[in-house]
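K.L.:
Below you'll find entry26.cif; it's mmCIF, C-alpha atoms.
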data_coords
loop_
_atom_site.label_atom_id
_atom_site.label_comp_id
_atom_site.auth_asym_id
_atom_site.auth_seq_id
_atom_site.Cartn_x
_atom_site.Cartn_y
_atom_site.Cartn_z
CA MET A 1 3.50 30.63 -20.18
CA ASN A 2 5.99 27.92 -20.97
CA ARG A 3 8.76 29.87 -19.31
CA LYS A 4 6.63 30.40 -16.23
CA ALA A 5 5.82 26.71 -16.06
CA LYS A 6 9.48 25.87 -16.46
CA THR A 7 10.53 28.06 -13.56
CA LYS A 8 7.81 26.70 -11.34
CA GLY A 9 8.67 23.13 -12.15
CA SER A 10 6.22 20.35 -12.63
CA VAL A 11 4.56 17.36 -11.12
CA LEU A 12 5.85 14.22 -12.81
CA SER A 13 3.49 11.67 -11.38
CA VAL A 14 0.72 11.32 -8.82
CA ARG A 15 -0.08 7.94 -7.30
CA THR A 16 -3.32 7.93 -5.40
CA GLY A 17 -4.16 5.57 -2.57
CA SER A 18 -1.61 3.44 -0.84
CA ASN A 19 -0.84 -0.06 -1.90
CA PRO A 20 -2.86 -2.51 0.14
CA ASN A 21 -1.24 -5.61 -1.18
CA SER A 22 1.80 -7.34 0.23
CA SER A 23 2.78 -9.05 -3.00
CA SER A 24 2.58 -6.54 -5.84
CA LEU A 25 2.04 -2.89 -6.60
CA GLY A 26 -1.33 -1.70 -7.85
CA VAL A 27 -2.48 1.50 -9.47
CA ASP A 28 -5.93 3.06 -9.43
CA VAL A 29 -7.16 2.73 -13.02
CA THR A 30 -10.35 4.75 -12.62
CA TRP A 31 -8.28 7.73 -13.77
CA LEU A 32 -8.41 6.19 -17.24
CA LEU A 33 -12.12 6.85 -17.40
CA GLY A 34 -13.14 10.12 -19.00
CA GLY A 35 -10.33 10.37 -21.52
CA GLY A 36 -7.34 12.45 -20.52
CA VAL A 37 -9.42 14.91 -18.51
CA LEU A 38 -9.30 13.03 -15.23
CA VAL A 39 -5.55 12.49 -15.37
CA GLY A 40 -5.08 16.19 -16.12
CA LEU A 41 -7.29 17.01 -13.16
CA LEU A 42 -5.38 14.61 -10.95
CA THR A 43 -2.08 16.24 -11.87
CA MET A 44 -3.52 19.69 -11.20
CA VAL A 45 -4.88 18.66 -7.81
CA GLY A 46 -1.58 16.98 -6.93
CA GLN A 47 0.29 20.11 -7.91
CA THR A 48 -1.95 22.48 -5.95
CA LEU A 49 -1.97 20.36 -2.82
CA THR A 50 1.77 19.79 -2.92
CA ARG A 51 2.56 23.49 -3.33
CA TRP A 52 0.15 24.39 -0.56
CA ALA A 53 1.41 21.70 1.79
CA LEU A 54 5.07 22.40 1.15
CA THR A 55 4.64 26.12 1.71
CA ARG A 56 2.80 25.41 4.93
CA ALA A 57 5.34 22.85 6.10
CA LYS A 58 8.15 25.24 5.26
CA SER A 59 6.65 28.05 7.30
CA LYS A 60 5.89 25.71 10.18
CA HIS A 61 9.11 23.77 10.31
CA GLY A 62 11.63 26.00 8.56
CA GLN A 63 13.84 24.40 5.97
CA MET A 64 12.27 21.23 4.60
CA ASP A 65 15.19 19.48 3.18
CA MET B 1 -7.98 22.83 4.83
CA GLY B 2 -5.23 21.47 7.08
CA LYS B 3 -7.72 19.04 8.54
CA TRP B 4 -8.10 17.40 5.16
CA ILE B 5 -4.47 17.39 4.24
CA GLU B 6 -1.80 15.59 6.19
CA LEU B 7 1.75 15.29 4.98
CA GLN B 8 3.81 12.28 5.90
CA ALA B 9 7.25 13.27 7.10
CA VAL B 10 10.03 11.24 5.55
CA PRO B 11 10.47 8.25 7.87
CA GLY B 12 13.65 8.37 9.88
CA ALA B 13 14.07 12.10 9.25
CA ARG B 14 12.39 14.52 11.59
CA ASP B 15 10.65 17.50 10.02
CA ARG B 16 11.67 16.56 6.52
CA TRP B 17 8.76 16.50 4.14
CA VAL B 18 10.34 15.87 0.80
CA ARG B 19 12.41 12.85 -0.02
CA ALA B 20 15.22 13.79 -2.37
CA GLU B 21 15.28 11.72 -5.57
CA PRO B 22 17.46 11.66 -8.68
CA PHE B 23 14.56 13.22 -10.61
CA GLY B 24 13.67 15.81 -7.93
CA GLY B 25 11.66 14.73 -4.94
CA THR B 26 8.72 12.76 -3.63
CA VAL B 27 6.11 14.10 -1.26
CA SER B 28 3.94 11.60 0.57
CA PHE B 29 0.49 12.53 1.83
CA ARG B 30 -1.36 10.55 4.44
CA ARG B 31 -4.52 12.49 3.72
CA PRO B 32 -5.50 12.32 0.90
CA GLU B 33 -3.48 9.15 0.36
CA MET B 34 -1.05 9.92 -2.42
CA LEU B 35 2.56 10.09 -3.51
CA VAL B 36 3.50 13.08 -5.62
CA MET B 37 6.71 13.01 -7.61
CA VAL B 38 8.03 16.42 -8.61
CA ASP B 39 11.04 17.68 -10.51
CA HIS B 40 13.92 19.75 -9.14
CA ALA B 41 12.46 23.03 -10.38
CA PHE B 42 9.26 22.39 -8.45
CA LEU B 43 11.33 22.33 -5.29
CA GLY B 44 13.17 25.47 -6.30
CA GLN B 45 16.36 23.53 -6.94
CA ARG B 46 18.66 23.57 -9.90
CA GLN B 47 18.79 20.26 -11.76
CA PRO B 48 22.06 18.60 -10.76
CA LYS B 49 24.36 17.33 -13.47
CA SER B 50 24.08 13.85 -12.05
CA ALA B 51 20.29 13.80 -12.52
CA THR B 52 19.09 10.87 -14.60
CA ALA B 53 19.05 11.82 -18.24
CA SER B 54 16.63 9.02 -19.07
CA GLY B 55 13.73 10.81 -17.42
CA ARG B 56 12.83 7.61 -15.59
CA LEU B 57 11.18 7.93 -12.24
CA ASP B 58 13.57 5.68 -10.36
CA PRO B 59 13.64 6.84 -6.75
CA ALA B 60 16.63 6.97 -4.45
CA ALA B 61 15.07 4.34 -2.18
CA PRO B 62 11.96 2.16 -2.36
CA TYR B 63 8.62 3.77 -1.68
CA GLU B 64 7.33 0.66 -0.04
CA ALA B 65 8.37 -2.72 1.26
CA HIS B 66 6.34 -5.90 1.21
CA LEU B 67 6.88 -7.90 4.35
CA THR B 68 5.73 -11.49 4.18
CA VAL B 69 6.02 -12.03 7.87
CA GLY B 70 5.29 -15.74 8.08
CA HIS B 71 5.68 -18.87 6.00
CA ARG B 72 3.62 -21.13 8.21
CA CYS B 73 0.01 -21.47 7.30
CA THR B 74 -2.82 -23.94 7.67
CA VAL B 75 -5.14 -22.41 5.06
CA GLY B 76 -3.65 -24.29 2.12
CA CYS B 77 -4.44 -21.94 -0.77
CA PRO B 78 -3.72 -23.98 -3.92
CA GLY B 79 -1.79 -21.18 -5.64
CA CYS B 80 0.08 -19.80 -2.59
CA TYR B 81 2.97 -17.74 -3.99
CA ILE B 82 5.17 -18.36 -0.96
CA ASP B 83 4.26 -22.03 -0.70
CA ALA B 84 3.29 -21.50 2.94
CA ARG B 85 2.73 -24.75 4.85
CA GLU B 86 1.95 -25.80 8.38
CA ASP B 87 5.55 -26.89 8.81
CA GLY B 88 7.09 -23.92 6.98
CA PRO B 89 10.67 -22.74 7.63
CA ALA B 90 11.80 -20.92 10.75
CA GLU B 91 10.77 -17.29 10.77
CA LEU B 92 12.17 -14.02 12.03
CA GLY B 93 11.13 -13.04 15.53
CA PHE B 94 9.62 -9.75 16.60
CA ASP B 95 12.99 -8.21 17.48
CA GLU B 96 14.39 -9.02 14.05
CA TRP B 97 11.36 -7.55 12.31
CA GLN B 98 11.85 -4.41 14.38
CA ARG B 99 15.38 -4.19 13.02
CA VAL B 100 14.06 -4.64 9.47
CA LEU B 101 11.65 -1.76 10.05
CA ASP B 102 14.44 0.37 11.54
CA LYS B 103 16.46 -0.20 8.41
CA LEU B 104 13.52 0.64 6.13
CA ALA B 105 12.89 3.83 8.08
CA SER B 106 16.52 4.85 7.78
CA LEU B 107 16.17 4.52 4.00
CA GLY B 108 13.03 6.68 4.00
CA VAL B 109 10.54 3.99 2.96
CA PHE B 110 7.02 5.44 3.25
CA HIS B 111 4.79 2.36 3.38
CA VAL B 112 5.03 -1.27 4.35
CA ALA B 113 2.47 -3.86 3.32
CA LEU B 114 2.29 -6.70 5.80
CA GLY B 115 1.06 -10.14 4.91
CA ALA B 116 1.60 -13.53 6.41
CA GLY B 117 0.69 -17.12 6.38
CA GLU B 118 -2.43 -17.15 8.46
CA SER B 119 -0.84 -19.05 11.31
CA THR B 120 0.98 -15.84 12.19
CA PRO B 121 -1.20 -14.29 14.85
CA LEU B 122 -2.73 -11.03 13.72
CA ALA B 123 -1.75 -9.67 17.14
CA PHE B 124 1.91 -10.04 16.08
CA LEU B 125 1.24 -8.02 12.94
CA ILE B 126 -0.60 -5.39 14.94
CA ASP B 127 2.37 -4.95 17.26
CA LEU B 128 4.66 -4.65 14.25
CA ALA B 129 2.33 -2.10 12.71
CA HIS B 130 2.49 0.01 15.87
CA TYR B 131 6.26 -0.14 15.72
CA ALA B 132 6.20 0.96 12.07
CA ARG B 133 3.90 3.87 12.93
CA GLY B 134 6.36 4.95 15.61
CA LEU B 135 9.02 5.17 12.91
CA GLY B 136 6.81 7.26 10.65
CA ILE B 137 6.03 4.43 8.23
CA THR B 138 2.43 3.74 7.23
CA PRO B 139 1.60 0.03 7.60
CA ASN B 140 -1.03 -1.66 5.43
CA LEU B 141 -2.30 -5.20 5.79
CA SER B 142 -3.53 -7.92 3.49
CA THR B 143 -5.12 -10.95 5.12
CA ALA B 144 -7.22 -14.00 4.29
CA GLY B 145 -9.26 -13.21 7.40
CA LEU B 146 -8.76 -16.52 9.17
CA HIS B 147 -9.46 -16.33 12.90
CA LEU B 148 -10.61 -12.73 12.58
CA THR B 149 -12.84 -11.67 15.45
CA PRO B 150 -14.53 -8.34 16.16
CA ARG B 151 -12.20 -7.89 19.12
CA LEU B 152 -9.15 -8.30 16.91
CA ALA B 153 -10.64 -6.17 14.15
CA GLN B 154 -10.99 -3.29 16.59
CA LYS B 155 -7.22 -3.24 16.91
CA LEU B 156 -6.60 -3.04 13.17
CA GLY B 157 -7.08 0.74 13.20
CA VAL B 158 -3.30 1.07 13.34
CA PHE B 159 -3.17 -0.01 9.69
CA GLY B 160 -3.67 2.65 7.07
CA ARG B 161 -5.62 0.20 4.94
CA VAL B 162 -6.73 -3.40 5.33
CA HIS B 163 -7.46 -5.62 2.34
CA LEU B 164 -9.04 -9.04 2.47
CA SER B 165 -8.07 -11.71 -0.04
CA LEU B 166 -11.23 -12.59 -1.93
CA ASP B 167 -10.86 -14.14 -5.35
CA GLY B 168 -14.43 -13.94 -6.46
CA ALA B 169 -18.02 -14.28 -5.40
CA GLY B 170 -19.02 -17.81 -4.44
CA ARG B 171 -17.14 -20.66 -6.06
CA ASP B 172 -14.52 -18.39 -7.65
CA HIS B 173 -13.00 -17.86 -4.21
CA MET B 174 -10.12 -20.31 -3.88
CA ARG B 175 -8.48 -19.91 -0.52
CA GLY B 176 -8.13 -23.41 0.88
CA ARG B 177 -9.79 -23.68 4.26
CA VAL B 178 -11.19 -20.15 4.14
CA GLY B 179 -14.39 -20.65 2.19
CA PHE B 180 -16.40 -17.87 0.63
CA ALA B 181 -18.91 -17.65 3.50
CA SER B 182 -16.10 -17.33 6.01
CA ALA B 183 -14.33 -14.69 3.91
CA LEU B 184 -17.54 -12.73 3.55
CA MET B 185 -18.04 -12.80 7.31
CA SER B 186 -14.49 -11.50 7.79
CA LEU B 187 -15.15 -8.75 5.27
CA ARG B 188 -18.22 -7.64 7.20
CA ILE B 189 -16.32 -7.65 10.49
CA LEU B 190 -13.52 -5.60 8.95
CA ARG B 191 -15.98 -3.14 7.45
CA ALA B 192 -17.59 -2.67 10.84
CA TYR B 193 -14.32 -1.69 12.52
CA HIS B 194 -12.05 -0.13 9.91
CA PRO B 195 -12.75 2.87 7.66
CA ARG B 196 -10.52 1.76 4.78
CA VAL B 197 -11.23 -1.83 3.86
CA GLY B 198 -10.89 -3.31 0.42
CA VAL B 199 -10.39 -6.58 -1.36
CA ASN B 200 -7.45 -8.19 -3.15
CA CYS B 201 -8.58 -10.50 -5.91
CA VAL B 202 -6.37 -12.82 -7.95
CA VAL B 203 -7.91 -12.99 -11.41
CA THR B 204 -7.68 -16.38 -13.09
CA ARG B 205 -8.92 -17.90 -16.31
CA ALA B 206 -11.84 -19.42 -14.44
CA SER B 207 -12.75 -16.41 -12.31
CA PHE B 208 -12.48 -13.81 -15.10
CA PRO B 209 -16.06 -14.30 -16.36
CA GLY B 210 -17.31 -13.84 -12.78
CA LEU B 211 -15.68 -10.44 -12.21
CA GLY B 212 -19.05 -8.74 -12.68
CA ARG B 213 -20.54 -10.89 -9.91
CA LEU B 214 -17.66 -9.94 -7.62
CA PHE B 215 -18.09 -6.22 -8.27
CA ARG B 216 -21.84 -6.48 -7.70
CA MET B 217 -21.34 -8.34 -4.44
CA LEU B 218 -18.71 -5.84 -3.24
CA LYS B 219 -20.96 -2.94 -4.11
CA ARG B 220 -23.68 -4.54 -2.03
CA GLU B 221 -21.24 -4.88 0.85
CA GLY B 222 -20.20 -1.23 0.57
CA VAL B 223 -16.64 -1.95 -0.60
CA VAL B 224 -15.31 0.33 -3.32
CA ASP B 225 -11.61 -0.54 -3.36
CA VAL B 226 -10.61 -3.72 -5.14
CA GLU B 227 -7.12 -4.62 -6.24
CA LEU B 228 -6.96 -7.11 -9.09
CA LEU B 229 -3.87 -9.26 -9.41
CA ARG B 230 -2.62 -11.41 -12.20
CA PHE B 231 -1.92 -15.01 -11.16
CA LYS B 232 1.86 -15.46 -10.73
CA PRO B 233 3.96 -18.58 -11.29
CA ALA B 234 5.57 -18.45 -7.86
CA GLY B 235 5.49 -20.92 -4.98
CA ARG B 236 2.69 -23.46 -5.45
CA GLY B 237 1.35 -21.20 -8.19
CA ALA B 238 4.15 -22.29 -10.55
CA GLU B 239 2.57 -25.70 -11.12
CA LEU B 240 -0.89 -24.25 -11.63
CA PHE B 241 0.13 -21.35 -13.83
CA ALA B 242 -0.76 -22.95 -17.17
CA GLN B 243 -4.34 -23.53 -16.11
CA MET B 244 -4.75 -20.31 -14.09
CA ASP B 245 -3.20 -17.76 -16.46
CA LEU B 246 -5.69 -15.64 -18.41
CA THR B 247 -6.38 -16.58 -22.01
CA THR B 248 -5.09 -14.37 -24.82
CA GLU B 249 -8.56 -12.93 -25.32
CA GLN B 250 -8.99 -12.26 -21.61
CA LYS B 251 -5.65 -10.44 -21.48
CA ARG B 252 -6.68 -8.34 -24.46
CA THR B 253 -9.98 -7.30 -22.92
CA VAL B 254 -9.29 -7.22 -19.19
CA VAL B 255 -8.69 -3.47 -18.92
CA GLN B 256 -11.84 -2.47 -20.77
CA LYS B 257 -13.86 -4.96 -18.77
CA VAL B 258 -12.54 -3.64 -15.46
CA LEU B 259 -13.21 -0.03 -16.48
CA GLN B 260 -16.74 -0.91 -17.55
CA LEU B 261 -17.35 -2.52 -14.18
CA ALA B 262 -15.80 0.46 -12.38
CA ARG B 263 -18.18 2.79 -14.18
CA ARG B 264 -21.20 0.57 -13.70
CA TYR B 265 -20.72 -0.08 -9.98
CA ARG B 266 -18.91 3.17 -9.16
CA MET B 267 -15.95 1.35 -7.73
CA ARG B 268 -12.22 2.09 -7.58
CA PRO B 269 -10.34 -0.89 -9.03
CA ARG B 270 -6.56 -1.09 -8.97
CA LEU B 271 -4.60 -3.27 -11.34
CA ASP B 272 -1.33 -4.70 -10.11
CA CYS B 273 2.05 -4.06 -11.74
CA SER B 274 1.93 -7.27 -13.78
CA PHE B 275 -1.15 -5.97 -15.61
CA ALA B 276 0.86 -3.01 -16.95
CA PRO B 277 1.36 -4.61 -20.41
CA MET B 278 -2.41 -5.05 -20.73
CA VAL B 279 -3.04 -1.40 -19.79
CA CYS B 280 -0.42 -0.24 -22.28
CA ALA B 281 -1.79 -2.51 -25.00
CA ALA B 282 -5.18 -0.85 -24.55
CA GLY B 283 -3.59 2.13 -26.30
CA TYR B 284 -3.47 4.83 -23.63
CA ASP B 285 -1.00 7.67 -24.06
CA PRO B 286 2.21 6.69 -22.20
CA THR B 287 2.63 10.19 -20.74
CA ARG B 288 -0.83 9.97 -19.26
CA LEU B 289 -0.06 6.58 -17.75
CA VAL B 290 3.11 7.90 -16.11
CA ARG B 291 1.21 10.90 -14.76
CA MET B 292 -1.32 8.67 -13.00
CA GLY B 293 1.45 6.57 -11.47
CA LEU B 294 1.20 3.45 -13.59
CA ALA B 295 4.38 1.42 -13.46
CA GLY B 296 5.18 -2.03 -14.74
CA CYS B 297 8.01 -3.92 -13.12
CA VAL B 298 9.40 -1.59 -10.47
CA GLY B 299 10.75 -4.42 -8.34
CA GLY B 300 13.95 -3.38 -6.60
CA SER B 301 13.21 0.23 -7.48
CA TRP B 302 9.87 1.43 -6.10
CA LEU B 303 9.46 -1.63 -3.95
CA VAL B 304 11.38 -4.39 -2.24
CA ALA B 305 10.22 -7.48 -0.41
CA VAL B 306 11.44 -9.23 2.71
CA ASP B 307 10.12 -12.69 3.45
CA GLY B 308 9.63 -14.49 6.73
CA ARG B 309 13.13 -15.93 6.65
CA GLY B 310 14.62 -12.46 6.27
CA CYS B 311 15.46 -12.90 2.57
CA LEU B 312 15.42 -9.74 0.52
CA SER B 313 14.14 -9.66 -3.05
CA ALA B 314 13.03 -7.18 -5.67
CA CYS B 315 9.44 -8.39 -5.35
CA SER B 316 7.55 -11.07 -3.45
CA PHE B 317 7.35 -13.31 -6.52
CA ASP B 318 11.06 -13.32 -7.25
CA ASN B 319 12.02 -16.90 -6.49
CA THR B 320 15.72 -16.14 -6.47
CA ALA B 321 15.20 -14.89 -2.92
CA GLY B 322 17.77 -16.39 -0.61
CA ALA B 323 20.80 -14.79 -2.17
CA LEU B 324 20.21 -11.53 -0.30
CA SER B 325 19.34 -10.78 3.28
CA TRP B 326 17.35 -7.86 4.69
CA SER B 327 20.63 -6.48 6.02
CA ASP B 328 21.59 -5.83 2.37
CA LEU B 329 18.83 -3.22 2.15
CA GLY B 330 20.18 0.01 0.74
CA ARG B 331 23.31 -1.57 -0.69
CA PRO B 332 23.79 -0.08 -4.18
CA GLY B 333 23.37 -2.32 -7.20
CA MET B 334 21.77 -5.20 -5.33
CA MET B 335 18.75 -5.46 -7.64
CA THR B 336 20.40 -4.83 -10.98
CA PRO B 337 18.68 -7.64 -12.95
CA PHE B 338 15.41 -5.85 -12.25
CA THR B 339 16.48 -2.23 -12.20
CA ASN B 340 18.75 -2.41 -15.26
CA TRP B 341 16.40 -4.52 -17.37
CA ILE B 342 15.11 -1.51 -19.25
CA ASP B 343 18.60 -0.55 -20.46
CA GLN B 344 19.01 -3.90 -22.22
CA ALA B 345 15.38 -4.43 -23.20
CA PRO B 346 15.09 -6.96 -26.02
CA SER B 347 12.90 -6.59 -29.08
CA PRO B 348 9.95 -5.90 -29.36
CA CYS B 349 10.09 -4.12 -25.97
CA ALA B 350 13.09 -2.00 -27.04
CA GLU B 351 11.04 -0.41 -29.84
CA CYS B 352 7.79 -0.18 -27.86
CA ARG B 353 6.49 3.30 -27.09
CA TRP B 354 5.35 2.08 -23.66
CA LEU B 355 8.76 0.72 -22.62
CA GLN B 356 9.36 3.37 -19.95
CA VAL B 357 5.95 2.69 -18.40
CA CYS B 358 5.64 -1.06 -18.72
CA ARG B 359 9.29 -2.00 -18.18
CA GLY B 360 8.82 -5.33 -19.87
CA GLY B 361 5.84 -6.56 -17.90
CA CYS B 362 6.29 -9.25 -15.29
CA HIS B 363 9.79 -10.76 -15.40
CA VAL B 364 8.74 -13.56 -13.07
CA VAL B 365 6.16 -14.66 -15.65
CA ALA B 366 8.74 -14.29 -18.43
CA ARG B 367 11.27 -16.44 -16.58
CA HIS B 368 8.68 -19.12 -15.86
CA LEU B 369 7.40 -19.35 -19.43
CA THR B 370 10.61 -18.87 -21.39
CA GLY B 371 13.37 -19.73 -18.93
CA ASP B 372 14.83 -16.29 -19.56
CA PHE B 373 14.36 -13.51 -17.01
CA ASN B 374 15.25 -10.93 -19.66
CA ALA B 375 12.65 -12.04 -22.20
CA PRO B 376 9.61 -9.83 -22.81
CA ASP B 377 6.54 -10.86 -20.84
CA PRO B 378 4.88 -13.45 -23.14
CA GLY B 379 1.51 -12.42 -21.70
CA CYS B 380 1.75 -8.92 -23.18
CA PRO B 381 -0.86 -8.55 -25.94
CA LEU B 382 1.62 -6.45 -27.97
CA VAL B 383 4.31 -9.12 -27.69
CA GLN B 384 1.77 -11.75 -28.68
CA ALA B 385 0.71 -9.68 -31.68
CA GLN B 386 4.34 -9.46 -32.82
CA ALA B 387 4.80 -13.18 -32.40
#
Let's see the structure in the file written out as C-alpha cells.
P.N.:
Amino acid sequence: MNRKAKTKGSVLSVRTGSNPNSSSLGVDVTWLLGGGVLVGLLTMVGQTLTRWALTRAKSKHGQMD
Amino acid sequence: MGKWIELQAVPGARDRWVRAEPFGGTVSFRRPEMLVMVDHAFLGQRQPKSATASGRLDPAAPYEAHLTVGHRCTVGCPGCYIDAREDGPAELGFDEWQRVLDKLASLGVFHVALGAGESTPLAFLIDLAHYARGLGITPNLSTAGLHLTPRLAQKLGVFGRVHLSLDGAGRDHMRGRVGFASALMSLRILRAYHPRVGVNCVVTRASFPGLGRLFRMLKREGVVDVELLRFKPAGRGAELFAQMDLTTEQKRTVVQKVLQLARRYRMRPRLDCSFAPMVCAAGYDPTRLVRMGLAGCVGGSWLVAVDGRGCLSACSFDNTAGALSWSDLGRPGMMTPFTNWIDQAPSPCAECRWLQVCRGGCHVVARHLTGDFNAPDPGCPLVQAQA
C-alpha cells in the first residue's frame, strides 16, 4: 500500500476558494470542524479531481508541461 | 463532470495546466475554486536533486498578487492601512497597470485581488479585470461599496469573487463616510448581480464581542463567505493599533469562537494569514493545517503586493514599500527578509512544532510592537505563554 502510494505521489495541500481580499491571504477554516475527517476528505477530493482533470487535460491537449 | 470542473491554464502559458514548483507542481481550478499542490511523483516525475529538502511549500512564483490600485480616497476609514487620502500620491495609469499584469502573467500568477481607495472609479477596475482575464488570471475585488449602483454591479461579473468591506453589524462598522446602512445597501446590490459575494471584516477589540451579530446578519442576507482579518499596524492603523488589537483573551479564543459561529450559522469563514498563530495555538495537528492550505506569513512567497505608486512589497502591510518597483517582479532574492525568516527563526518559534505552518505570525505586527522585524509575533498566544 505504502509503495503504491509512493509511486502515485501525493497531494501536499489543497486551498479551497480564492482569496477575495486585496490585503492579506485567508484560509477557509471550516475544514477544522469535524476533527481530522474533513481535512482527510478534502485531500481525497483534491487528489481525485486533480488526477481526473490532469488525465483529461493531457488527452485533450497532449503534453501538459 | 467536465461541466463542474474547470482547470485554469497557467497564465502566460498556453495549454499548460500544471505550474512547476520546487516541491512538484500546482494545479489551479476555476471550478471548484481551489489550488492543489502536488509532489513530483504525483506528476510522474522523478524528484530532482535541487528539490527543497525542507519540505516547505514555497512556490516558484507567487500564487496571487494584491494590487492596491489607488491611494486617493474620500471615505476616510480611521484605520486605513494605505493611509489613502483625497490628495494621495500620483498613481499608475491604466497602461502601466496593464504592464504590471503582463509581468504577473509571465510569472504564472493565478489570481489578482484588486482593491483601491474608493475614489478610483470601479469602471477602471472593471477594465483592468477584463485585461487580467484576457491573460488567464482570475481577478477578485474587495471594495467598500462607495458609489456602487446596480448598473455598475452588473458589470462586476468579470470578477471571480467580490467582497465588501464590512467590519460588523451596526456600530461596529467603521468605514469613515460609508456608514453601515450604506454598506448594507451595497451588499444587497452586489448579491443581486454577482453569484460569489462575501464580506471582509477587520476584527478589533471592540468588534470582537459583536461577531455573532455580524454572522447572524450575514446569514439573514444570504452571505456565507466572510473573511476575518486581524487589525494591522500599517498606514493610519499604526497609531490606532494599541486600542484596536485584540486582547490576550480574545486572541486565545478567537478560533473556537469563529468555528462555533460557522457551525451555528452554517457559514464559511476564512481567517487571514496573520491569524495563523492563533489557529496553531488552538492545538491542531500541523500536518492537517498544511493539508488544508493554512499558511502564516507567506509574503513574498505565495503572494506579492503592488501599490498604486507601482511599489512592490511582500505584502500590502509591509511599510518598507518604496525600495522595490513592480518591474523587480520575478527578480530572485528580492523578498529575502520575508522568505528567509524561517531559516533564522528566533526562540520560541525555532522550537515550535507549528513553525513551518505559522512562519512566525505577522512580521509587520512584530516590527511595530518590538521594533524588530525578525522577532516572533508578540500576539501569538504561544509566544505570550512563554513570556
K.L.:
Counting all atoms listed in the file, find residues at most 9 Å from (1.2, 18.4, 0.6) (file frame) and give them as a ChimeraX atom specification.
P.N.:
/A:46-57 /B:5-8,17,27-29,31,36
K.L.:
Using all atoms listed in the file, find the one residue out of B:Ala276, B:Cys73, B:Cys311, B:Leu141 that sits nearest to Leu294 of chain B.
P.N.:
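Residue with the minimum atom-to-atom distance to Leu294 of chain B: B:Ala276.
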K.L.:
Pick out the chain A residues within 7 Å of chain B. Count all atoms listed in the file. Give them as an MDAnalysis selection string.
P.N.:
chainID A and resid 7:18 20:30 39 43 46 61 64:65
K.L.:
Output the residue selection produced by the PyMOL selection byres ((chain B and resi 12) around 10) on the file above, formatted as JSON, numbers by chain.
P.N.:
{"B": [9, 10, 11, 13, 14, 15, 16, 102, 103, 104, 105, 106, 107, 108, 109, 110, 134, 135, 136, 137]}
K.L.:
For the atom pair atom CA of Met244 of chain B and atom CA of Ser207 of chain B, what is the interatomic distance in Å to one decimal place?
P.N.:
9.1 Å
K.L.:
Taking 2 positions as the minimum chain separation for residues in the same chain, which residues sit within 12 Å of Ala242 of chain B when counting only C-alpha atoms? Answer as an mmCIF file with C-alpha atoms, keeping the file's coordinate frame.
P.N.:
data_model
loop_
_atom_site.group_PDB
_atom_site.id
_atom_site.type_symbol
_atom_site.label_atom_id
_atom_site.label_comp_id
_atom_site.auth_asym_id
_atom_site.auth_seq_id
_atom_site.Cartn_x
_atom_site.Cartn_y
_atom_site.Cartn_z
ATOM 1 C CA GLY B 79 -1.790 -21.180 -5.640
ATOM 2 C CA THR B 204 -7.680 -16.380 -13.090
ATOM 3 C CA ARG B 205 -8.920 -17.900 -16.310
ATOM 4 C CA ALA B 206 -11.840 -19.420 -14.440
ATOM 5 C CA PHE B 231 -1.920 -15.010 -11.160
ATOM 6 C CA LYS B 232 1.860 -15.460 -10.730
ATOM 7 C CA PRO B 233 3.960 -18.580 -11.290
ATOM 8 C CA GLY B 237 1.350 -21.200 -8.190
ATOM 9 C CA ALA B 238 4.150 -22.290 -10.550
ATOM 10 C CA GLU B 239 2.570 -25.700 -11.120
ATOM 11 C CA LEU B 240 -0.890 -24.250 -11.630
ATOM 12 C CA MET B 244 -4.750 -20.310 -14.090
ATOM 13 C CA ASP B 245 -3.200 -17.760 -16.460
ATOM 14 C CA LEU B 246 -5.690 -15.640 -18.410
ATOM 15 C CA THR B 247 -6.380 -16.580 -22.010
ATOM 16 C CA VAL B 365 6.160 -14.660 -15.650
ATOM 17 C CA HIS B 368 8.680 -19.120 -15.860
ATOM 18 C CA LEU B 369 7.400 -19.350 -19.430
ATOM 19 C CA GLY B 379 1.510 -12.420 -21.700
#
K.L.:
What separation in Å, quoted to one decimal, exists between atom CA of Pro150 of chain B and atom CA of Ile189 of chain B?
P.N.:
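If I compute the distance from atom CA of Pro150 of chain B to atom CA of Ile189 of chain B, I get 6.0 Å.
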K.L.:
For a test of reading the model, state the distance in Å between atom CA of Ala183 of chain B and atom CA of Gly145 of chain B, rounded to one decimal.
P.N.:
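Answer for the atom CA of Ala183 of chain B to atom CA of Gly145 of chain B separation: 6.3 Å.
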K.L.:
N, CA, C and O atoms are needed for segment 149-154 of chain B; please write them out as a PDB file, keeping the file's coordinate frame.
P.N.:
ATOM      1  N   THR B 149     -11.708 -11.887  14.546  1.00  0.00           N
ATOM      2  CA  THR B 149     -12.840 -11.670  15.450  1.00  0.00           C
ATOM      3  C   THR B 149     -13.078 -10.166  15.562  1.00  0.00           C
ATOM      4  O   THR B 149     -12.171  -9.370  15.287  1.00  0.00           O
ATOM      5  N   PRO B 150     -14.274  -9.776  15.989  1.00  0.00           N
ATOM      6  CA  PRO B 150     -14.530  -8.340  16.160  1.00  0.00           C
ATOM      7  C   PRO B 150     -13.520  -7.697  17.110  1.00  0.00           C
ATOM      8  O   PRO B 150     -13.074  -6.576  16.890  1.00  0.00           O
ATOM      9  N   ARG B 151     -13.145  -8.429  18.142  1.00  0.00           N
ATOM     10  CA  ARG B 151     -12.200  -7.890  19.120  1.00  0.00           C
ATOM     11  C   ARG B 151     -10.848  -7.574  18.466  1.00  0.00           C
ATOM     12  O   ARG B 151     -10.235  -6.541  18.734  1.00  0.00           O
ATOM     13  N   LEU B 152     -10.419  -8.496  17.614  1.00  0.00           N
ATOM     14  CA  LEU B 152      -9.150  -8.300  16.910  1.00  0.00           C
ATOM     15  C   LEU B 152      -9.288  -7.175  15.872  1.00  0.00           C
ATOM     16  O   LEU B 152      -8.382  -6.350  15.695  1.00  0.00           O
ATOM     17  N   ALA B 153     -10.420  -7.181  15.198  1.00  0.00           N
ATOM     18  CA  ALA B 153     -10.640  -6.170  14.150  1.00  0.00           C
ATOM     19  C   ALA B 153     -10.587  -4.763  14.709  1.00  0.00           C
ATOM     20  O   ALA B 153     -10.145  -3.829  14.033  1.00  0.00           O
ATOM     21  N   GLN B 154     -11.024  -4.615  15.953  1.00  0.00           N
ATOM     22  CA  GLN B 154     -10.990  -3.290  16.590  1.00  0.00           C
ATOM     23  C   GLN B 154      -9.558  -2.745  16.654  1.00  0.00           C
ATOM     24  O   GLN B 154      -9.348  -1.550  16.639  1.00  0.00           O
TER      25      GLN B 154
END
